[in-house]
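Engineer: Below you'll find coords.cif; it's mmCIF, C-alpha atoms.
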data_data
loop_
_atom_site.group_PDB
_atom_site.id
_atom_site.type_symbol
_atom_site.label_atom_id
_atom_site.label_comp_id
_atom_site.auth_asym_id
_atom_site.auth_seq_id
_atom_site.Cartn_x
_atom_site.Cartn_y
_atom_site.Cartn_z
ATOM 1 C CA MET A 1 79.980 128.199 117.638
ATOM 2 C CA PRO A 2 77.311 126.538 115.469
ATOM 3 C CA SER A 3 75.906 123.330 116.896
ATOM 4 C CA LEU A 4 74.896 121.914 113.522
ATOM 5 C CA SER A 5 76.610 122.522 110.190
ATOM 6 C CA ILE A 6 75.283 121.588 106.734
ATOM 7 C CA ASP A 7 77.986 122.289 104.162
ATOM 8 C CA GLN A 8 77.463 122.171 100.370
ATOM 9 C CA VAL A 9 75.073 119.235 100.536
ATOM 10 C CA ASN A 10 73.821 117.765 97.268
ATOM 11 C CA LEU A 11 71.324 114.961 96.777
ATOM 12 C CA ARG A 12 70.820 113.193 93.458
ATOM 13 C CA PHE A 13 68.958 110.004 92.661
ATOM 14 C CA THR A 14 67.990 108.024 89.594
ATOM 15 C CA ILE A 15 64.353 107.397 88.772
ATOM 16 C CA LYS A 16 62.702 104.874 86.480
ATOM 17 C CA GLY A 17 63.962 105.275 82.940
ATOM 18 C CA GLY A 18 67.448 106.204 84.091
ATOM 19 C CA ARG A 19 66.872 109.942 84.522
ATOM 20 C CA THR A 20 68.897 111.627 87.264
ATOM 21 C CA VAL A 21 67.029 114.016 89.565
ATOM 22 C CA GLN A 22 68.829 116.743 91.492
ATOM 23 C CA ALA A 23 66.795 116.992 94.701
ATOM 24 C CA LEU A 24 69.123 119.280 96.686
ATOM 25 C CA ASP A 25 71.747 121.580 95.246
ATOM 26 C CA ASP A 26 74.637 122.959 97.289
ATOM 27 C CA VAL A 27 72.680 123.489 100.517
ATOM 28 C CA SER A 28 74.667 125.159 103.291
ATOM 29 C CA LEU A 29 73.472 126.493 106.631
ATOM 30 C CA THR A 30 74.473 126.526 110.264
ATOM 31 C CA ILE A 31 72.246 126.164 113.311
ATOM 32 C CA ARG A 32 73.493 127.694 116.526
ATOM 33 C CA ASP A 33 73.379 126.003 119.908
ATOM 34 C CA ARG A 34 69.884 126.271 121.494
ATOM 35 C CA GLU A 35 68.456 127.888 118.371
ATOM 36 C CA PHE A 36 64.997 127.085 117.025
ATOM 37 C CA ALA A 37 65.476 126.967 113.236
ATOM 38 C CA VAL A 38 62.655 126.301 110.784
ATOM 39 C CA ILE A 39 62.759 125.242 107.135
ATOM 40 C CA VAL A 40 59.887 126.071 104.765
ATOM 41 C CA GLY A 41 59.476 125.850 101.019
ATOM 42 C CA PRO A 42 57.233 124.622 98.211
ATOM 43 C CA SER A 43 56.201 120.962 98.028
ATOM 44 C CA GLY A 44 58.942 118.707 96.702
ATOM 45 C CA CYS A 45 61.798 121.091 97.481
ATOM 46 C CA GLY A 46 63.659 118.543 99.622
ATOM 47 C CA LYS A 47 62.871 119.809 103.141
ATOM 48 C CA SER A 48 62.216 116.358 104.587
ATOM 49 C CA SER A 49 65.123 114.778 102.707
ATOM 50 C CA LEU A 50 67.465 117.347 104.232
ATOM 51 C CA LEU A 51 66.125 116.627 107.711
ATOM 52 C CA ARG A 52 66.507 112.868 107.185
ATOM 53 C CA MET A 53 70.137 113.408 106.217
ATOM 54 C CA VAL A 54 70.742 115.382 109.417
ATOM 55 C CA ALA A 55 69.171 112.452 111.276
ATOM 56 C CA GLY A 56 71.538 110.039 109.509
ATOM 57 C CA LEU A 57 68.657 108.169 107.886
ATOM 58 C CA GLN A 58 69.722 109.192 104.377
ATOM 59 C CA HIS A 59 73.106 110.069 102.911
ATOM 60 C CA PRO A 60 73.975 113.081 100.759
ATOM 61 C CA THR A 61 75.469 112.493 97.330
ATOM 62 C CA SER A 62 78.136 115.024 98.263
ATOM 63 C CA GLY A 63 78.797 117.559 100.970
ATOM 64 C CA THR A 64 79.042 117.151 104.729
ATOM 65 C CA ILE A 65 76.798 117.382 107.777
ATOM 66 C CA SER A 66 78.404 117.706 111.195
ATOM 67 C CA LEU A 67 77.304 118.185 114.775
ATOM 68 C CA ASP A 68 79.759 119.932 117.086
ATOM 69 C CA GLY A 69 82.503 119.197 114.569
ATOM 70 C CA LYS A 70 81.758 115.466 114.240
ATOM 71 C CA ALA A 71 80.529 114.143 110.895
ATOM 72 C CA VAL A 72 77.006 112.712 110.789
ATOM 73 C CA THR A 73 77.108 109.340 109.026
ATOM 74 C CA ALA A 74 74.374 107.353 110.789
ATOM 75 C CA PRO A 75 71.559 107.798 113.315
ATOM 76 C CA GLY A 76 72.703 108.655 116.822
ATOM 77 C CA LYS A 77 71.224 109.400 120.237
ATOM 78 C CA GLU A 78 72.510 112.980 120.058
ATOM 79 C CA ARG A 79 69.812 113.622 117.419
ATOM 80 C CA GLY A 80 66.185 112.992 118.365
ATOM 81 C CA MET A 81 63.607 112.701 115.575
ATOM 82 C CA VAL A 82 59.882 113.401 115.726
ATOM 83 C CA PHE A 83 57.965 112.449 112.571
ATOM 84 C CA GLN A 84 54.523 113.465 111.326
ATOM 85 C CA SER A 85 53.348 109.908 111.984
ATOM 86 C CA TYR A 86 53.517 108.979 115.639
ATOM 87 C CA THR A 87 55.853 105.924 115.357
ATOM 88 C CA LEU A 88 54.981 104.682 118.846
ATOM 89 C CA PHE A 89 55.251 101.034 119.845
ATOM 90 C CA PRO A 90 51.598 99.945 120.121
ATOM 91 C CA TRP A 91 52.400 97.102 122.550
ATOM 92 C CA LEU A 92 54.069 99.436 125.080
ATOM 93 C CA THR A 93 52.428 101.807 127.537
ATOM 94 C CA VAL A 94 53.102 105.540 127.433
ATOM 95 C CA ARG A 95 55.639 105.170 130.242
ATOM 96 C CA LYS A 96 57.494 102.334 128.515
ATOM 97 C CA ASN A 97 57.433 104.083 125.133
ATOM 98 C CA VAL A 98 59.112 107.124 126.680
ATOM 99 C CA ALA A 99 61.618 104.960 128.577
ATOM 100 C CA PHE A 100 62.500 102.818 125.548
ATOM 101 C CA GLY A 101 65.534 104.808 124.363
ATOM 102 C CA PRO A 102 67.158 105.059 127.800
ATOM 103 C CA SER A 103 66.608 101.297 128.251
ATOM 104 C CA LEU A 104 68.687 100.661 125.098
ATOM 105 C CA ALA A 105 71.360 102.978 126.499
ATOM 106 C CA GLY A 106 71.573 100.883 129.661
ATOM 107 C CA VAL A 107 70.023 103.402 132.047
ATOM 108 C CA PRO A 108 68.921 101.544 135.219
ATOM 109 C CA GLU A 109 65.200 100.748 135.240
ATOM 110 C CA GLU A 110 64.321 102.789 138.330
ATOM 111 C CA LYS A 111 65.965 105.929 136.904
ATOM 112 C CA ARG A 112 64.580 105.604 133.379
ATOM 113 C CA LEU A 113 61.017 105.088 134.629
ATOM 114 C CA ARG A 114 61.349 108.007 137.024
ATOM 115 C CA ASP A 115 62.739 110.191 134.233
ATOM 116 C CA ALA A 116 59.967 109.003 131.893
ATOM 117 C CA GLU A 117 57.348 110.206 134.349
ATOM 118 C CA GLU A 118 59.019 113.629 134.439
ATOM 119 C CA PHE A 119 58.937 113.939 130.636
ATOM 120 C CA ILE A 120 55.333 112.735 130.609
ATOM 121 C CA ARG A 121 54.540 115.502 133.089
ATOM 122 C CA LEU A 122 56.415 118.013 130.929
ATOM 123 C CA VAL A 123 54.198 117.269 127.911
ATOM 124 C CA GLY A 124 51.015 117.340 129.990
ATOM 125 C CA LEU A 125 50.114 113.640 130.076
ATOM 126 C CA THR A 126 50.254 112.910 133.798
ATOM 127 C CA GLY A 127 47.640 110.249 134.516
ATOM 128 C CA PHE A 128 48.150 108.474 131.177
ATOM 129 C CA GLU A 129 51.394 106.694 132.067
ATOM 130 C CA ASP A 130 49.793 103.230 131.780
ATOM 131 C CA ALA A 131 47.678 103.932 128.694
ATOM 132 C CA TYR A 132 48.456 102.318 125.331
ATOM 133 C CA PRO A 133 48.737 104.320 122.081
ATOM 134 C CA ARG A 134 45.387 102.968 120.812
ATOM 135 C CA GLN A 135 43.714 104.645 123.797
ATOM 136 C CA LEU A 136 45.093 108.100 122.951
ATOM 137 C CA SER A 137 44.073 110.847 120.543
ATOM 138 C CA GLY A 138 46.399 111.991 117.762
ATOM 139 C CA GLY A 139 47.559 115.002 119.746
ATOM 140 C CA MET A 140 48.244 112.873 122.803
ATOM 141 C CA MET A 141 50.264 110.387 120.752
ATOM 142 C CA GLN A 142 52.381 113.219 119.374
ATOM 143 C CA ARG A 143 52.976 114.409 122.932
ATOM 144 C CA VAL A 144 54.273 110.930 123.747
ATOM 145 C CA ALA A 145 56.514 111.036 120.655
ATOM 146 C CA LEU A 146 57.947 114.367 121.827
ATOM 147 C CA ALA A 147 58.509 113.049 125.365
ATOM 148 C CA ARG A 148 60.206 109.944 123.967
ATOM 149 C CA ALA A 149 62.582 112.043 121.865
ATOM 150 C CA LEU A 150 63.427 114.277 124.844
ATOM 151 C CA ALA A 151 64.017 111.270 127.128
ATOM 152 C CA ASN A 152 67.167 110.428 125.159
ATOM 153 C CA ASP A 153 68.525 113.906 125.994
ATOM 154 C CA PRO A 154 69.516 114.691 122.380
ATOM 155 C CA ALA A 155 71.665 117.701 121.553
ATOM 156 C CA VAL A 156 69.421 118.433 118.568
ATOM 157 C CA LEU A 157 65.701 117.806 118.144
ATOM 158 C CA LEU A 158 64.651 117.174 114.537
ATOM 159 C CA MET A 159 60.964 117.608 113.751
ATOM 160 C CA ASP A 160 59.453 116.742 110.360
ATOM 161 C CA GLU A 161 56.015 118.404 110.095
ATOM 162 C CA PRO A 162 55.123 116.869 113.479
ATOM 163 C CA PHE A 163 51.723 118.574 113.701
ATOM 164 C CA GLY A 164 50.721 118.202 110.056
ATOM 165 C CA ALA A 165 48.234 115.388 110.671
ATOM 166 C CA LEU A 166 46.443 117.159 113.537
ATOM 167 C CA ASP A 167 43.270 119.203 113.393
ATOM 168 C CA SER A 168 43.623 122.984 113.644
ATOM 169 C CA GLN A 169 42.739 123.293 117.326
ATOM 170 C CA THR A 170 44.996 120.433 118.422
ATOM 171 C CA ARG A 171 47.796 121.786 116.250
ATOM 172 C CA SER A 172 47.585 125.165 117.993
ATOM 173 C CA LEU A 173 47.732 123.495 121.395
ATOM 174 C CA MET A 174 50.774 121.456 120.338
ATOM 175 C CA GLN A 175 52.557 124.565 119.070
ATOM 176 C CA GLU A 176 52.084 126.244 122.436
ATOM 177 C CA LEU A 177 53.195 123.072 124.222
ATOM 178 C CA LEU A 178 56.336 122.819 122.098
ATOM 179 C CA LEU A 179 57.207 126.442 122.825
ATOM 180 C CA SER A 180 56.835 125.879 126.567
ATOM 181 C CA VAL A 181 58.894 122.660 126.455
ATOM 182 C CA TRP A 182 61.609 124.376 124.415
ATOM 183 C CA GLU A 183 61.795 127.248 126.903
ATOM 184 C CA VAL A 184 62.515 124.647 129.618
ATOM 185 C CA SER A 185 64.735 122.184 127.730
ATOM 186 C CA HIS A 186 66.837 124.693 125.729
ATOM 187 C CA LYS A 187 67.294 122.137 122.948
ATOM 188 C CA THR A 188 68.616 123.027 119.530
ATOM 189 C CA VAL A 189 65.688 122.434 117.150
ATOM 190 C CA LEU A 190 65.533 121.991 113.375
ATOM 191 C CA PHE A 191 61.875 122.007 112.381
ATOM 192 C CA VAL A 192 60.347 121.398 108.941
ATOM 193 C CA THR A 193 56.862 122.703 108.131
ATOM 194 C CA HIS A 194 54.737 123.899 105.219
ATOM 195 C CA ASP A 195 52.797 126.230 107.560
ATOM 196 C CA VAL A 196 54.204 129.770 107.466
ATOM 197 C CA ASP A 197 52.316 130.900 110.593
ATOM 198 C CA GLU A 198 53.796 127.960 112.488
ATOM 199 C CA ALA A 199 57.291 128.771 111.242
ATOM 200 C CA ILE A 200 57.079 132.390 112.409
ATOM 201 C CA LEU A 201 55.495 131.524 115.751
ATOM 202 C CA LEU A 202 58.174 128.950 116.619
ATOM 203 C CA GLY A 203 61.371 130.020 114.918
ATOM 204 C CA ASP A 204 64.379 132.164 115.703
ATOM 205 C CA ARG A 205 65.265 131.946 112.003
ATOM 206 C CA VAL A 206 63.241 130.707 109.045
ATOM 207 C CA PHE A 207 65.090 129.270 106.047
ATOM 208 C CA VAL A 208 63.125 129.424 102.790
ATOM 209 C CA MET A 209 64.024 126.825 100.161
ATOM 210 C CA THR A 210 63.678 127.067 96.400
ATOM 211 C CA ALA A 211 61.671 124.734 94.208
ATOM 212 C CA GLN A 212 63.523 121.601 93.111
ATOM 213 C CA PRO A 213 66.442 121.445 93.101
ATOM 214 C CA GLY A 214 66.248 122.674 96.664
ATOM 215 C CA ARG A 215 68.582 125.482 97.661
ATOM 216 C CA ILE A 216 68.466 128.019 100.472
ATOM 217 C CA LYS A 217 66.747 131.024 98.885
ATOM 218 C CA ALA A 218 66.519 133.257 101.960
ATOM 219 C CA GLU A 219 67.228 133.370 105.679
ATOM 220 C CA VAL A 220 64.656 135.343 107.655
ATOM 221 C CA PRO A 221 65.520 136.180 111.292
ATOM 222 C CA ILE A 222 62.324 136.360 113.367
ATOM 223 C CA GLU A 223 62.799 139.198 115.821
ATOM 224 C CA LEU A 224 59.591 138.773 117.783
ATOM 225 C CA GLU A 225 59.780 138.932 121.544
ATOM 226 C CA ARG A 226 59.762 135.661 123.492
ATOM 227 C CA PRO A 227 57.977 133.962 125.093
ATOM 228 C CA ARG A 228 55.509 133.810 122.201
ATOM 229 C CA HIS A 229 51.865 132.807 122.186
ATOM 230 C CA LEU A 230 49.215 132.298 119.524
ATOM 231 C CA GLU A 231 48.093 135.888 120.063
ATOM 232 C CA SER A 232 51.444 136.961 118.576
ATOM 233 C CA SER A 233 50.093 136.091 115.123
ATOM 234 C CA THR A 234 47.811 139.139 115.146
ATOM 235 C CA SER A 235 50.616 141.675 115.528
ATOM 236 C CA ALA A 236 51.708 143.911 112.661
ATOM 237 C CA GLU A 237 55.252 142.525 112.875
ATOM 238 C CA PHE A 238 54.010 138.939 112.572
ATOM 239 C CA ILE A 239 51.836 139.801 109.564
ATOM 240 C CA ALA A 240 54.783 141.531 107.859
ATOM 241 C CA TYR A 241 56.933 138.411 108.285
ATOM 242 C CA LYS A 242 54.076 136.300 106.937
ATOM 243 C CA ARG A 243 53.714 138.419 103.793
ATOM 244 C CA ARG A 244 57.458 138.339 103.155
ATOM 245 C CA ILE A 245 57.816 134.567 103.526
ATOM 246 C CA HIS A 246 54.629 133.817 101.584
ATOM 247 C CA ALA A 247 55.923 135.961 98.712
ATOM 248 C CA LEU A 248 59.229 134.061 98.668
ATOM 249 C CA ILE A 249 57.480 130.677 98.621
ATOM 250 C CA LYS A 250 54.905 131.770 96.040
ATOM 251 C CA THR A 251 57.648 132.744 93.594
ATOM 252 C CA GLU A 252 59.220 129.300 93.931
ATOM 253 C CA ALA A 253 55.899 127.462 93.666
ATOM 254 C CA GLU A 254 55.154 129.330 90.429
ATOM 255 C CA LYS A 255 58.551 128.285 89.044
ATOM 256 C CA ALA A 256 57.757 124.655 89.864
ATOM 257 C CA ILE A 257 54.415 124.897 88.028
ATOM 258 C CA ASP A 258 56.073 126.497 84.976
ATOM 259 C CA ARG A 259 58.641 123.677 84.843
ATOM 260 C CA GLY A 260 55.923 121.043 85.198
#
Show the structure stored in the file as C-alpha cells.
Structural biologist:
Amino acid sequence: MPSLSIDQVNLRFTIKGGRTVQALDDVSLTIRDREFAVIVGPSGCGKSSLLRMVAGLQHPTSGTISLDGKAVTAPGKERGMVFQSYTLFPWLTVRKNVAFGPSLAGVPEEKRLRDAEEFIRLVGLTGFEDAYPRQLSGGMMQRVALARALANDPAVLLMDEPFGALDSQTRSLMQELLLSVWEVSHKTVLFVTHDVDEAILLGDRVFVMTAQPGRIKAEVPIELERPRHLESSTSAEFIAYKRRIHALIKTEAEKAIDRG
C-alpha cells in the first residue's frame, strides 16, 4: 500500500492587482513505503509548494494529501522536514539540537541524549556533540539538520533542495551520506531538487513536473542497481536517464519562457 497519497491537489493564490495564479493543477501521485521519490521540474513549477503541503505547512486550495490513510492538515512528527537553509537553533549544541524534538515529545532526558549521540554518529559528526552551529561548516550543519529530523523517527522524510546551498564537493559527500543513511533507516523519502544528476543518483522514481501550473508530466522509474555511488553517474544507463529527464524539463522551461 502507498505510504503517502497526493490526490488531485490544486493550489491557487491571488497576487497584487487581484489576479489569480494557478500554481498547481490536479497533482496526483503516490509514494510507496520505504521508497525514495524525487520531484524535479523547471523553476517556479510548484515543487517546494507541494512539499510544504505534504509537511502541513501550507494548505491546498482543493484536493487531499494523506499518510497511511490519514489526512494531512497540519505539521506532525510523522513527517520530518529538512530545508535548504539549516534552521538549527544557534543557542543549542549539536547534541541538544538533535534531541530537541524528542524533548518536546516527552522522551526521558537520558534516552533522548543517548539516541541523539547515535544519530550524530550515523551522520558522521562524532566528536562535535558539544559544538554550536556557528562553529560548523555548511555541510556539517546540514548533517545536524538531517540527524535532527531522523531523531523524531518520522514515517516520511521531506527534503527541499537540502544540498542546494553547498559547494560541489560537499554536495557530493552529502549525497553519499544520505544514501548510506537511507540504506540503514529505510525511511520513505520525498526529495525536491533542481539537479537531475542528484535525482537519478538518489531516487527510485523521479517525477517530472510541468511549467506553471505545475502538473506531473512524467514518472521515470530509476532501475539502477543499489547501493549506488557517485561513480554510477558515468554509466551508460545513468547518462540515458539524464538525457531523458533533461529533455522533459527543457520542453517545459521553453514553454515557461514563451509564456513570459
Engineer: Starting from the displayed file, determine the output of the PyMOL selection byres ((chain A and resi 189-194) around 7) and express the residue list as a PDB file with C-alpha atoms, in the coordinates of the input.
Structural biologist:
ATOM      1  CA  GLU A  35      68.456 127.888 118.371  1.00  0.00           C
ATOM      2  CA  PHE A  36      64.997 127.085 117.025  1.00  0.00           C
ATOM      3  CA  ALA A  37      65.476 126.967 113.236  1.00  0.00           C
ATOM      4  CA  VAL A  38      62.655 126.301 110.784  1.00  0.00           C
ATOM      5  CA  ILE A  39      62.759 125.242 107.135  1.00  0.00           C
ATOM      6  CA  VAL A  40      59.887 126.071 104.765  1.00  0.00           C
ATOM      7  CA  GLY A  41      59.476 125.850 101.019  1.00  0.00           C
ATOM      8  CA  LYS A  47      62.871 119.809 103.141  1.00  0.00           C
ATOM      9  CA  SER A  48      62.216 116.358 104.587  1.00  0.00           C
ATOM     10  CA  VAL A 156      69.421 118.433 118.568  1.00  0.00           C
ATOM     11  CA  LEU A 157      65.701 117.806 118.144  1.00  0.00           C
ATOM     12  CA  LEU A 158      64.651 117.174 114.537  1.00  0.00           C
ATOM     13  CA  MET A 159      60.964 117.608 113.751  1.00  0.00           C
ATOM     14  CA  ASP A 160      59.453 116.742 110.360  1.00  0.00           C
ATOM     15  CA  GLU A 161      56.015 118.404 110.095  1.00  0.00           C
ATOM     16  CA  LYS A 187      67.294 122.137 122.948  1.00  0.00           C
ATOM     17  CA  THR A 188      68.616 123.027 119.530  1.00  0.00           C
ATOM     18  CA  ASP A 195      52.797 126.230 107.560  1.00  0.00           C
ATOM     19  CA  VAL A 196      54.204 129.770 107.466  1.00  0.00           C
ATOM     20  CA  ALA A 199      57.291 128.771 111.242  1.00  0.00           C
TER      21      ALA A 199
END
Engineer: For stretch 235-247 of chain A, please output as a list in words all residues within 8 Å (counting only C-alpha atoms; exclusion window: fewer than 5 positions along the same chain).
Structural biologist: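 With the cut-off at 8 Å, the set is Val196, Asp197, Ile200, Val208, Ile222 and Leu224 of chain A.
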Engineer: State, in Å with one decimal place, the distance from atom CA of A:Gly80 to atom CA of A:Val9.
Structural biologist: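 Straight-line distance from atom CA of A:Gly80 to atom CA of A:Val9 works out to 20.9 Å.
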Engineer: What's around stretch 113-126 of chain A at 7 Å? Count only C-alpha atoms, leave out sequence neighbours fewer than 3 positions away in its own chain, and write the answer as a list in words.
Structural biologist: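 Once the nearby chain positions are removed, what remains is Arg95, Val98, Ala99, Glu109, Glu110, Glu129, Arg143, Ala147, Ala151, Leu177 and Val181 of chain A.
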Engineer: Kindly resolve the PyMOL selection byres ((chain A and resi 227-232) around 9) on the present coordinates and return the residues as a list in words.
Structural biologist: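 Given this file, the PyMOL selection byres ((chain A and resi 227-232) around 9) evaluates to Ser172, Gln175, Glu176, Leu179, Ser180, Glu183, Leu201, Leu202, Leu224, Glu225, Arg226, Ser233, Thr234, Ser235, Glu237 and Phe238 of chain A.
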Engineer: Quick one: distance from atom CA of A:Arg19 to atom CA of A:Leu51 in Å, one decimal?
Structural biologist: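 Atom CA of A:Leu51 lies at a distance of 24.1 Å from atom CA of A:Arg19.
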Engineer: For A:Val94, which residue out of A:Cys45, A:Ala145, A:Val54, A:Met81 is the nearest one, using all atoms listed in the file?
Structural biologist: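 Checking each of A:Cys45, A:Ala145, A:Val54, A:Met81 against A:Val94, counting all atoms listed in the file, the winner is A:Ala145.
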Engineer: Once the PyMOL selection byres ((chain A and resi 55) around 9) is applied to the coordinates I shared, what remains selected? I want it as number ranges by chain.
Structural biologist: A: 50-54, 56-58, 72-76, 79-81, 158
Engineer: How about saving the chosen residues, C-alpha atoms kept, as a tab-separated table (two decimals), in the coordinates of the input?
Structural biologist:
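See again_7.tsv below for the written result:
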chain	number	residue	atom	x	y	z
A	50	LEU	CA	67.46	117.35	104.23
A	51	LEU	CA	66.12	116.63	107.71
A	52	ARG	CA	66.51	112.87	107.18
A	53	MET	CA	70.14	113.41	106.22
A	54	VAL	CA	70.74	115.38	109.42
A	56	GLY	CA	71.54	110.04	109.51
A	57	LEU	CA	68.66	108.17	107.89
A	58	GLN	CA	69.72	109.19	104.38
A	72	VAL	CA	77.01	112.71	110.79
A	73	THR	CA	77.11	109.34	109.03
A	74	ALA	CA	74.37	107.35	110.79
A	75	PRO	CA	71.56	107.80	113.32
A	76	GLY	CA	72.70	108.66	116.82
A	79	ARG	CA	69.81	113.62	117.42
A	80	GLY	CA	66.18	112.99	118.36
A	81	MET	CA	63.61	112.70	115.58
A	158	LEU	CA	64.65	117.17	114.54
Engineer: Could you tell me how far atom CA of A:Thr170 lies from atom CA of A:Gln84, in Å and to one decimal?
Structural biologist: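 About the pair atom CA of A:Thr170 and atom CA of A:Gln84: they are 13.8 Å apart.
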